[in-house]
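Colleague: Input structure: entry.txt, which contains compact mmCIF, C-alpha atoms.
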# COMPACT_ATOMS: atom_id res chain seq x y z
CA MET A 1 7.96 -32.64 -4.57
CA GLU A 2 6.07 -30.00 -2.76
CA ILE A 3 2.66 -30.07 -1.13
CA GLN A 4 0.58 -26.94 -1.00
CA ILE A 5 -2.58 -26.70 1.05
CA ALA A 6 -5.04 -23.83 0.90
CA VAL A 7 -8.20 -23.22 2.90
CA ALA A 8 -11.00 -20.69 2.46
CA LYS A 9 -13.77 -20.59 5.05
CA VAL A 10 -16.83 -18.45 5.65
CA ASN A 11 -19.64 -18.47 8.20
CA LYS A 12 -23.30 -18.90 7.45
CA TYR A 13 -24.86 -15.49 6.82
CA ALA A 14 -25.52 -13.52 10.00
CA VAL A 15 -24.04 -16.22 12.24
CA SER A 16 -20.97 -15.18 14.16
CA GLU A 17 -19.43 -18.60 14.63
CA SER A 18 -18.70 -21.27 12.04
CA GLY A 19 -19.79 -24.82 12.81
CA ASP A 20 -16.94 -26.05 10.64
CA THR A 21 -13.59 -26.68 12.28
CA LEU A 22 -10.39 -27.25 10.37
CA GLU A 23 -6.94 -27.93 11.76
CA VAL A 24 -3.67 -28.91 10.18
CA VAL A 25 -1.41 -30.94 12.45
CA GLU A 26 2.03 -32.42 12.02
CA ARG A 27 2.29 -36.20 12.32
CA PRO A 28 5.02 -37.54 14.56
CA THR A 29 6.20 -39.89 11.83
CA GLY A 30 6.45 -37.07 9.28
CA GLY A 31 3.99 -35.27 7.06
CA VAL A 32 0.91 -33.37 8.07
CA SER A 33 -2.77 -34.18 8.50
CA VAL A 34 -5.64 -31.96 7.55
CA VAL A 35 -8.75 -32.52 9.64
CA LEU A 36 -12.07 -30.95 8.64
CA ALA A 37 -15.31 -31.41 10.57
CA ASP A 38 -18.77 -29.96 10.06
CA GLY A 39 -20.96 -30.05 13.17
CA GLN A 40 -24.70 -30.56 12.76
CA THR A 41 -26.71 -27.29 12.54
CA SER A 42 -24.81 -24.01 12.84
CA GLY A 43 -23.52 -21.47 15.33
CA ARG A 44 -22.13 -22.12 18.77
CA GLY A 45 -23.60 -25.60 19.23
CA ALA A 46 -22.24 -26.82 15.92
CA LYS A 47 -18.86 -25.27 16.71
CA ALA A 48 -18.66 -27.13 20.01
CA VAL A 49 -19.40 -30.42 18.27
CA SER A 50 -16.94 -29.99 15.42
CA GLN A 51 -14.27 -28.81 17.86
CA LEU A 52 -14.83 -31.82 20.08
CA VAL A 53 -14.38 -34.10 17.08
CA VAL A 54 -11.35 -32.30 15.65
CA ARG A 55 -9.68 -31.98 19.06
CA LYS A 56 -10.06 -35.71 19.60
CA VAL A 57 -8.71 -36.50 16.14
CA ILE A 58 -5.69 -34.16 16.16
CA GLY A 59 -4.79 -35.22 19.69
CA LEU A 60 -4.67 -38.86 18.60
CA LEU A 61 -2.95 -38.21 15.26
CA ALA A 62 -0.27 -36.18 17.05
CA GLU A 63 0.37 -39.22 19.22
CA GLY A 64 0.88 -41.37 16.15
CA VAL A 65 -2.55 -43.07 16.08
CA ARG A 66 -3.72 -43.99 12.58
CA ASP A 67 -6.43 -42.01 10.77
CA GLY A 68 -9.05 -44.75 10.93
CA ALA A 69 -8.61 -45.35 14.63
CA ALA A 70 -8.67 -41.61 15.32
CA ALA A 71 -11.91 -41.21 13.36
CA ARG A 72 -13.54 -44.12 15.21
CA ALA A 73 -12.44 -42.69 18.53
CA ALA A 74 -13.94 -39.30 17.65
CA SER A 75 -17.21 -40.91 16.61
CA ASP A 76 -17.38 -42.94 19.82
CA ALA A 77 -16.61 -39.85 21.90
CA LEU A 78 -19.36 -37.88 20.17
CA PHE A 79 -21.83 -40.76 20.52
CA ALA A 80 -20.99 -41.08 24.21
CA ASP A 81 -21.31 -37.33 24.75
CA LYS A 82 -24.51 -36.73 22.81
CA ALA A 83 -26.18 -40.15 22.94
CA GLY A 84 -26.51 -40.31 19.15
CA LYS A 85 -28.54 -37.08 18.98
CA VAL A 86 -25.85 -34.97 17.32
CA THR A 87 -23.86 -35.84 14.23
CA CYS A 88 -20.80 -34.42 12.58
CA THR A 89 -19.08 -35.04 9.28
CA LEU A 90 -15.35 -35.57 9.29
CA ASN A 91 -12.61 -35.62 6.69
CA ILE A 92 -9.04 -36.45 7.53
CA ASN A 93 -6.22 -35.88 5.22
CA PRO A 94 -8.70 -35.63 3.35
CA VAL A 95 -11.42 -38.03 2.29
CA PRO A 96 -11.34 -36.59 -1.20
CA VAL A 97 -14.41 -35.46 -2.95
CA PHE A 98 -12.74 -34.32 -6.14
CA ILE A 99 -9.43 -35.67 -7.37
CA CYS A 100 -7.87 -33.91 -10.31
CA ARG A 101 -4.93 -35.10 -12.36
CA GLY A 102 -4.35 -32.74 -15.25
CA GLU A 103 -7.57 -32.63 -17.28
CA GLU A 104 -9.11 -35.57 -15.51
CA ILE A 105 -11.47 -34.79 -12.62
CA ASP A 106 -12.85 -37.71 -10.62
CA SER A 107 -15.49 -37.38 -8.01
CA HIS A 108 -15.23 -39.60 -4.99
CA SER A 109 -18.57 -40.06 -3.39
CA GLU A 110 -18.65 -43.35 -1.58
CA ASP A 111 -21.33 -43.24 1.02
CA SER A 112 -19.97 -42.59 4.43
CA ILE A 113 -21.89 -42.11 7.63
CA SER A 114 -21.72 -39.07 9.87
CA LEU A 115 -19.95 -39.44 13.17
CA GLY A 116 -21.91 -39.83 16.34
CA THR A 117 -24.87 -41.69 14.82
CA SER A 118 -24.15 -45.09 16.29
CA ARG A 119 -21.54 -47.28 17.87
CA ASN A 120 -18.98 -49.07 15.71
CA LEU A 121 -19.01 -46.58 12.89
CA ARG A 122 -16.49 -47.38 10.17
CA PRO A 123 -14.72 -44.65 8.25
CA VAL A 124 -14.21 -44.83 4.50
CA ILE A 125 -10.47 -44.83 3.86
CA THR A 126 -8.93 -44.08 0.49
CA GLU A 127 -5.20 -43.99 -0.05
CA ILE A 128 -3.75 -42.06 -2.95
CA GLY A 129 -0.06 -41.92 -3.75
CA LEU A 130 1.49 -38.49 -3.96
CA GLU A 131 2.31 -37.60 -7.54
CA VAL A 132 3.12 -34.37 -9.25
CA GLY A 133 -0.02 -32.80 -10.73
CA LEU A 134 -2.42 -34.29 -8.20
CA THR A 135 -5.00 -31.88 -6.81
CA ILE A 136 -7.54 -32.82 -4.17
CA VAL A 137 -10.56 -30.67 -3.36
CA ILE A 138 -12.70 -31.24 -0.29
CA PHE A 139 -15.38 -29.14 1.32
CA THR A 140 -18.18 -29.13 3.81
CA ASP A 141 -21.78 -29.41 2.65
CA GLY A 142 -22.20 -25.65 2.46
CA ILE A 143 -20.68 -26.11 -1.01
CA SER A 144 -22.87 -29.06 -1.98
CA HIS A 145 -26.02 -27.19 -0.94
CA ALA A 146 -25.05 -23.78 -2.35
CA GLY A 147 -27.67 -22.42 -4.72
CA GLU A 148 -30.35 -24.90 -3.64
CA ARG A 149 -32.45 -22.08 -2.19
CA ARG A 150 -32.97 -20.71 -5.67
CA GLY A 151 -32.96 -24.07 -7.45
CA GLN A 152 -29.49 -23.67 -8.95
CA PRO A 153 -27.32 -26.20 -7.16
CA MET A 154 -23.60 -25.89 -7.62
CA ASN A 155 -21.82 -28.22 -10.01
CA VAL A 156 -18.46 -28.52 -8.33
CA GLY A 157 -16.76 -30.48 -11.11
CA GLU A 158 -17.84 -27.91 -13.71
CA THR A 159 -16.70 -25.07 -11.52
CA ILE A 160 -13.28 -26.63 -11.01
CA ARG A 161 -12.99 -27.15 -14.76
CA SER A 162 -13.98 -23.55 -15.51
CA ILE A 163 -11.28 -22.04 -13.32
CA ILE A 164 -8.21 -20.64 -15.02
CA GLU A 165 -5.58 -23.15 -15.99
CA ASP A 166 -3.19 -24.28 -13.28
CA PRO A 167 -4.53 -22.14 -10.44
CA THR A 168 -2.68 -21.98 -7.16
CA PRO A 169 -4.49 -23.92 -4.42
CA GLN A 170 -5.55 -20.62 -2.83
CA GLN A 171 -6.95 -19.34 -6.13
CA LEU A 172 -8.91 -22.56 -6.59
CA ALA A 173 -10.26 -22.57 -3.02
CA ASP A 174 -11.17 -18.87 -3.24
CA ALA A 175 -12.88 -19.31 -6.61
CA LEU A 176 -14.97 -22.28 -5.41
CA LEU A 177 -15.99 -20.42 -2.27
CA ALA A 178 -16.80 -17.23 -4.19
CA HIS A 179 -18.97 -19.17 -6.65
CA ALA A 180 -20.85 -20.89 -3.82
CA ILE A 181 -21.44 -17.57 -2.06
CA SER A 182 -22.74 -15.99 -5.26
CA LEU A 183 -25.15 -18.92 -5.76
CA ASP A 184 -26.40 -18.19 -2.24
CA ASP A 185 -26.99 -14.53 -3.22
CA ASN A 186 -24.03 -13.43 -1.09
CA ARG A 187 -25.74 -14.75 2.04
CA PRO A 188 -24.27 -18.21 2.62
CA ALA A 189 -27.06 -20.59 3.64
CA ASP A 190 -24.59 -22.64 5.68
CA ASP A 191 -21.02 -22.50 6.94
CA ILE A 192 -18.73 -23.24 4.01
CA SER A 193 -15.16 -24.54 4.09
CA VAL A 194 -13.11 -25.44 1.05
CA LEU A 195 -9.73 -27.11 1.17
CA VAL A 196 -7.43 -27.66 -1.79
CA LEU A 197 -4.30 -29.80 -1.64
CA LYS A 198 -1.92 -29.80 -4.57
CA VAL A 199 1.24 -31.76 -5.25
CA SER A 200 3.74 -30.10 -7.52
CA ALA A 201 7.33 -30.53 -8.58
CA ARG A 202 9.68 -28.73 -6.22
CA THR A 203 10.33 -25.35 -7.74
CA GLY A 204 11.49 -23.30 -4.84
CA ASP A 205 13.59 -23.55 -1.73
CA ASN A 206 13.55 -25.92 1.20
CA ILE A 207 11.47 -23.66 3.41
CA ARG A 208 8.15 -24.57 4.98
CA ARG A 209 5.72 -21.71 4.95
CA MET A 210 2.31 -21.10 6.41
CA SER A 211 0.10 -18.07 6.34
CA VAL A 212 -3.21 -17.47 8.05
CA ARG A 213 -5.64 -14.60 7.53
CA LEU A 214 -8.24 -14.15 10.21
CA PRO A 215 -10.84 -11.37 9.97
CA ILE A 216 -12.08 -10.37 13.42
CA ASN A 217 -14.77 -8.03 14.62
CA GLY A 218 -13.80 -4.89 16.44
CA MET B 1 -9.61 -5.72 12.15
CA GLU B 2 -7.78 -8.56 10.58
CA ILE B 3 -5.01 -10.75 11.92
CA GLN B 4 -2.45 -12.20 9.56
CA ILE B 5 0.03 -14.81 10.65
CA ALA B 6 2.97 -16.00 8.58
CA VAL B 7 5.54 -18.67 9.30
CA ALA B 8 8.80 -19.58 7.58
CA LYS B 9 10.74 -22.57 8.81
CA VAL B 10 13.90 -24.36 7.75
CA ASN B 11 15.88 -27.31 9.10
CA LYS B 12 19.45 -27.21 10.31
CA TYR B 13 21.78 -27.89 7.40
CA ALA B 14 21.95 -31.58 6.45
CA VAL B 15 19.43 -32.61 9.10
CA SER B 16 16.23 -34.10 7.74
CA GLU B 17 13.96 -33.26 10.64
CA SER B 18 13.41 -29.91 12.34
CA GLY B 19 13.51 -29.85 16.14
CA ASP B 20 11.15 -26.89 16.03
CA THR B 21 7.42 -27.56 16.12
CA LEU B 22 4.81 -24.97 15.35
CA GLU B 23 1.05 -25.39 15.40
CA VAL B 24 -1.84 -22.97 15.09
CA VAL B 25 -4.96 -24.05 16.92
CA GLU B 26 -8.41 -22.53 17.30
CA ARG B 27 -9.47 -21.68 20.85
CA PRO B 28 -12.92 -22.85 21.90
CA THR B 29 -13.79 -19.38 23.14
CA GLY B 30 -12.78 -17.75 19.86
CA GLY B 31 -9.50 -16.70 18.32
CA VAL B 32 -6.47 -18.80 17.58
CA SER B 33 -3.29 -19.70 19.40
CA VAL B 34 0.11 -20.02 17.87
CA VAL B 35 2.38 -22.45 19.70
CA LEU B 36 6.09 -22.64 18.88
CA ALA B 37 8.55 -24.96 20.61
CA ASP B 38 12.24 -25.60 20.05
CA GLY B 39 13.47 -28.92 21.43
CA GLN B 40 17.00 -29.16 22.81
CA THR B 41 19.61 -30.28 20.24
CA SER B 42 18.42 -31.13 16.73
CA GLY B 43 17.07 -33.93 14.57
CA ARG B 44 14.70 -36.68 15.59
CA GLY B 45 15.26 -36.41 19.36
CA ALA B 46 14.59 -32.68 19.38
CA LYS B 47 11.51 -33.18 17.22
CA ALA B 48 10.06 -35.72 19.64
CA VAL B 49 10.57 -33.29 22.52
CA SER B 50 9.08 -30.23 20.82
CA GLN B 51 6.17 -32.32 19.56
CA LEU B 52 5.51 -33.66 23.05
CA VAL B 53 5.39 -30.10 24.36
CA VAL B 54 3.27 -28.67 21.55
CA ARG B 55 0.88 -31.62 21.60
CA LYS B 56 0.31 -31.13 25.31
CA VAL B 57 -0.20 -27.40 24.91
CA ILE B 58 -2.57 -27.48 21.92
CA GLY B 59 -4.58 -30.30 23.48
CA LEU B 60 -5.13 -28.22 26.60
CA LEU B 61 -5.73 -24.93 24.77
CA ALA B 62 -8.32 -26.64 22.58
CA GLU B 63 -10.11 -27.68 25.76
CA GLY B 64 -10.21 -24.08 26.93
CA VAL B 65 -7.30 -24.22 29.41
CA ARG B 66 -5.45 -20.91 29.77
CA ASP B 67 -2.01 -20.34 28.23
CA GLY B 68 -0.14 -20.23 31.52
CA ALA B 69 -1.67 -23.45 32.81
CA ALA B 70 -1.04 -25.17 29.47
CA ALA B 71 2.62 -24.11 29.51
CA ARG B 72 3.08 -25.33 33.09
CA ALA B 73 1.46 -28.64 32.22
CA ALA B 74 3.78 -29.07 29.25
CA SER B 75 6.81 -28.31 31.39
CA ASP B 76 5.71 -30.76 34.06
CA ALA B 77 5.05 -33.45 31.44
CA LEU B 78 8.51 -32.93 29.93
CA PHE B 79 10.15 -32.94 33.35
CA ALA B 80 8.32 -36.14 34.28
CA ASP B 81 9.23 -37.78 30.97
CA LYS B 82 12.89 -36.80 30.79
CA ALA B 83 13.73 -36.29 34.48
CA GLY B 84 15.05 -32.77 33.86
CA LYS B 85 17.64 -33.93 31.33
CA VAL B 86 15.97 -32.42 28.27
CA THR B 87 14.75 -28.87 27.87
CA CYS B 88 12.59 -27.11 25.35
CA THR B 89 11.73 -23.48 24.71
CA LEU B 90 8.09 -22.59 24.22
CA ASN B 91 6.20 -19.59 22.95
CA ILE B 92 2.44 -19.40 23.00
CA ASN B 93 0.49 -16.81 21.20
CA PRO B 94 3.38 -15.63 21.17
CA VAL B 95 5.76 -14.50 23.86
CA PRO B 96 6.94 -11.66 21.69
CA VAL B 97 10.51 -10.97 21.03
CA PHE B 98 9.97 -7.97 18.80
CA ILE B 99 6.91 -5.77 18.92
CA CYS B 100 6.58 -3.19 16.18
CA ARG B 101 4.12 -0.34 16.05
CA GLY B 102 4.81 1.81 13.01
CA GLU B 103 8.43 3.01 13.27
CA GLU B 104 8.82 1.90 16.84
CA ILE B 105 10.43 -1.50 17.41
CA ASP B 106 10.60 -2.82 20.96
CA SER B 107 12.46 -5.90 21.97
CA HIS B 108 10.97 -8.02 24.68
CA SER B 109 13.60 -10.09 26.36
CA GLU B 110 12.52 -10.83 29.89
CA ASP B 111 14.41 -13.85 31.08
CA SER B 112 12.32 -16.97 30.90
CA ILE B 113 13.39 -20.48 31.70
CA SER B 114 13.25 -23.41 29.31
CA LEU B 115 10.62 -26.04 29.95
CA GLY B 116 11.54 -29.32 31.56
CA THR B 117 14.36 -27.96 33.74
CA SER B 118 12.60 -28.21 37.07
CA ARG B 119 9.27 -28.55 38.78
CA ASN B 120 7.08 -25.49 39.28
CA LEU B 121 8.35 -23.58 36.31
CA ARG B 122 6.55 -20.28 35.78
CA PRO B 123 5.93 -18.92 32.32
CA VAL B 124 6.42 -15.24 31.49
CA ILE B 125 3.06 -13.89 30.36
CA THR B 126 2.66 -10.62 28.47
CA GLU B 127 -0.72 -9.39 27.27
CA ILE B 128 -0.90 -6.92 24.43
CA GLY B 129 -4.14 -5.47 23.15
CA LEU B 130 -4.88 -5.93 19.47
CA GLU B 131 -4.50 -2.68 17.60
CA VAL B 132 -4.15 -1.82 13.96
CA GLY B 133 -0.49 -1.53 12.98
CA LEU B 134 0.80 -3.96 15.59
CA THR B 135 3.36 -6.47 14.32
CA ILE B 136 4.86 -9.18 16.49
CA VAL B 137 7.91 -11.16 15.45
CA ILE B 138 9.02 -14.30 17.26
CA PHE B 139 11.54 -16.95 16.37
CA THR B 140 13.51 -19.86 17.69
CA ASP B 141 17.15 -19.42 18.62
CA GLY B 142 18.37 -20.41 15.18
CA ILE B 143 17.75 -16.72 14.42
CA SER B 144 19.49 -15.41 17.54
CA HIS B 145 22.55 -17.56 16.87
CA ALA B 146 22.71 -17.01 13.10
CA GLY B 147 26.08 -15.70 11.98
CA GLU B 148 27.83 -16.54 15.26
CA ARG B 149 29.98 -19.14 13.50
CA ARG B 150 31.67 -16.37 11.56
CA GLY B 151 31.46 -13.75 14.28
CA GLN B 152 28.67 -11.74 12.66
CA PRO B 153 25.65 -12.27 14.87
CA MET B 154 22.31 -11.19 13.48
CA ASN B 155 20.80 -7.93 14.63
CA VAL B 156 17.12 -8.73 14.41
CA GLY B 157 15.87 -5.21 15.14
CA GLU B 158 18.09 -3.73 12.41
CA THR B 159 17.01 -6.38 9.96
CA ILE B 160 13.33 -5.71 10.64
CA ARG B 161 13.96 -2.00 10.18
CA SER B 162 15.81 -2.55 6.91
CA ILE B 163 12.98 -4.47 5.29
CA ILE B 164 10.81 -2.64 2.77
CA GLU B 165 8.09 -0.49 4.20
CA ASP B 166 4.88 -2.22 5.23
CA PRO B 167 5.83 -5.76 4.24
CA THR B 168 3.25 -8.51 4.36
CA PRO B 169 3.84 -10.88 7.28
CA GLN B 170 5.06 -13.52 4.85
CA GLN B 171 7.53 -11.09 3.26
CA LEU B 172 8.86 -10.13 6.69
CA ALA B 173 9.17 -13.75 7.88
CA ASP B 174 10.83 -14.79 4.62
CA ALA B 175 13.26 -11.85 4.70
CA LEU B 176 14.32 -12.54 8.30
CA LEU B 177 14.81 -16.22 7.56
CA ALA B 178 16.74 -15.50 4.35
CA HIS B 179 19.04 -13.08 6.18
CA ALA B 180 19.72 -15.62 8.93
CA ILE B 181 20.48 -18.33 6.39
CA SER B 182 22.88 -16.05 4.51
CA LEU B 183 24.69 -15.23 7.79
CA ASP B 184 25.08 -18.98 8.24
CA ASP B 185 26.63 -19.24 4.73
CA ASN B 186 23.50 -20.95 3.42
CA ARG B 187 24.03 -23.84 5.83
CA PRO B 188 21.77 -23.09 8.81
CA ALA B 189 23.67 -23.93 12.00
CA ASP B 190 20.38 -24.74 13.75
CA ASP B 191 16.69 -25.25 12.96
CA ILE B 192 15.16 -21.84 12.37
CA SER B 193 11.51 -20.84 12.66
CA VAL B 194 10.20 -17.30 12.25
CA LEU B 195 6.65 -16.25 12.95
CA VAL B 196 5.14 -12.87 12.17
CA LEU B 197 1.74 -11.76 13.38
CA LYS B 198 0.27 -8.53 12.07
CA VAL B 199 -2.92 -6.69 12.93
CA SER B 200 -4.34 -4.54 10.17
CA ALA B 201 -7.54 -2.70 9.41
CA ARG B 202 -10.00 -4.96 7.65
CA THR B 203 -9.53 -4.39 3.96
CA GLY B 204 -10.98 -7.46 2.40
CA ASP B 205 -13.86 -9.85 2.80
CA ASN B 206 -15.06 -11.93 5.69
CA ILE B 207 -13.25 -15.07 4.64
CA ARG B 208 -10.70 -16.94 6.73
CA ARG B 209 -7.82 -18.23 4.69
CA MET B 210 -4.88 -20.45 5.36
CA SER B 211 -2.16 -21.71 3.09
CA VAL B 212 0.62 -24.15 3.79
CA ARG B 213 3.63 -24.98 1.65
CA LEU B 214 5.47 -28.15 2.51
CA PRO B 215 8.54 -29.23 0.54
CA ILE B 216 8.99 -33.01 0.71
CA ASN B 217 11.68 -35.33 -0.47
CA GLY B 218 10.95 -37.76 -3.30
Take the structure in the file and give it back as structure tokens.
Modeller:
Amino acid sequence: MEIQIAVAKVNKYAVSESGDTLEVVERPTGGVSVVLADGQTSGRGAKAVSQLVVRKVIGLLAEGVRDGAAARAASDALFADKAGKVTCTLNINPVPVFICRGEEIDSHSEDSISLGTSRNLRPVITEIGLEVGLTIVIFTDGISHAGERRGQPMNVGETIRSIIEDPTPQQLADALLAHAISLDDNRPADDISVLVLKVSARTGDNIRRMSVRLPING
Amino acid sequence: MEIQIAVAKVNKYAVSESGDTLEVVERPTGGVSVVLADGQTSGRGAKAVSQLVVRKVIGLLAEGVRDGAAARAASDALFADKAGKVTCTLNINPVPVFICRGEEIDSHSEDSISLGTSRNLRPVITEIGLEVGLTIVIFTDGISHAGERRGQPMNVGETIRSIIEDPTPQQLADALLAHAISLDDNRPADDISVLVLKVSARTGDNIRRMSVRLPING
């Protein structure tokens, strides 16, 4: 089998720093973890919060700590640092929001509580076996809130369904992000991150590949 | 401007784990760091070593520690852990081996010492300003040693020059890796990782993208 992961990420309009932080880290026992956090508010403050959370989580995962324990540790660290005044959402590996298997698209929306709100926070953990054809789509709430400003909230399930058959993960992530940005009149109302993970039959070689595209000012 | 980073990575023939570890991590003050380590020998032991080093480095970089200090810390940690018996090479951000600007290809080969060999190791630090057209190619020594088994060592500069004009970073990384593997008769004599970083004029949108392709067994 082969796992493909694609990310597309944009800042809130006219804000130079994204409050979303996403890292992919290799686990010492094999495999990789994808960690996505969305710090409360936007800009530099939000960035600091989501980086604190992600740094804590990837540091622990890289040492072999389990997802749940890493998430709890990050929540405790944030609560200790900000005394419950700042929250952050967190997905590891990922807490799926949409799970697609062929035609079937399930939405996973168990209530979970933002990090940093209290002591003894418990993460929601869902385990899904890897199988060919599985696609998982997660995103920060910039997607969920896209279009709200003009009363046309985004229907993520519909949008996934409307996208050309068998898209690559990057095509799917790009299309979801583009649709959200258009619903926000090309001025994203929030930082938006979309992550798509797809399991397919091995078609190619044995080579791991990664590519990153980073627009910078200047 | 826009920075594109591409990685291609393969294991030593018939070894299930790569001793090379590569992570890309966001710096708290902006930008990203690419950290590449090659643990001594191959397989599980080498993986543990390169992961120890990379974990240390990305943890510190994510906290805002400078490259040089992070590299020294990683070397000290490895020396403390393995009492000087295990070494590891390390590139951050990256210590370039080949720097291309248009037609011009420079090789950077200042002697630097592997981590973990002694106390007070000093990293070689080279700073290069970002400019459009700059391409940096780094790799682990699986590339440098490719073809040695049959007395046809790889000429990396020549290979870069021979690759189609203006390749994407992924094309360049893939082509270098493919050439190395062919020189090793399709049975890589060592773990091989190639990383290409390219600075181009901004052509597209404001969106950060990342994609990862991970072949797995099963």
Colleague: Please identify every residue of chain A that has at least one atom no more than 9 Å from any atom of chain B, counting all atoms listed in the file, and report them as a ChimeraX atom specification.
Modeller: /A:1-11,17,21-26,28,30-32,47-48,51-52,55-56,58-59,62-63,169-170,174,202,204-218
Colleague: Hey, what's within 7 Å of segment 67-69 of chain B if we count all atoms listed in the file and toss same-chain stuff fewer than 4 positions away? As a ChimeraX atom specification, please?
Modeller: /B:61,73,92,123
Colleague: Which residues come within 9 Å of Ser107 of chain A, counting all atoms listed in the file, excluding same-chain residues fewer than 6 positions away, as a PyMOL selection string?
Modeller: chain A and resi 96-100+157
Colleague: Could you tell me how far atom CA of Asp141 of chain B lies from atom CA of Thr117 of chain B, in Å and to one decimal?
Modeller: 17.6 Å
Colleague: Calculate how many Å separate atom CA of Ser144 of chain B from atom CA of Ser33 of chain B, rounding to one decimal.
Modeller: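 Computed distance, atom CA of Ser144 of chain B to atom CA of Ser33 of chain B, equals 23.3 Å.
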Colleague: Interatomic distance between atom CA of Val156 of chain B and atom CA of Leu134 of chain B?
Modeller: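 Going from atom CA of Val156 of chain B over to atom CA of Leu134 of chain B covers 17.0 Å.
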Colleague: Identify which of the residues B:His145, B:Gly43, B:Ile138, B:Leu121 lies closest to Asp20 of chain B, counting all atoms listed in the file when measuring atom-to-atom distances.
Modeller: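 For Asp20 of chain B, the nearest of the given residues is B:Gly43.
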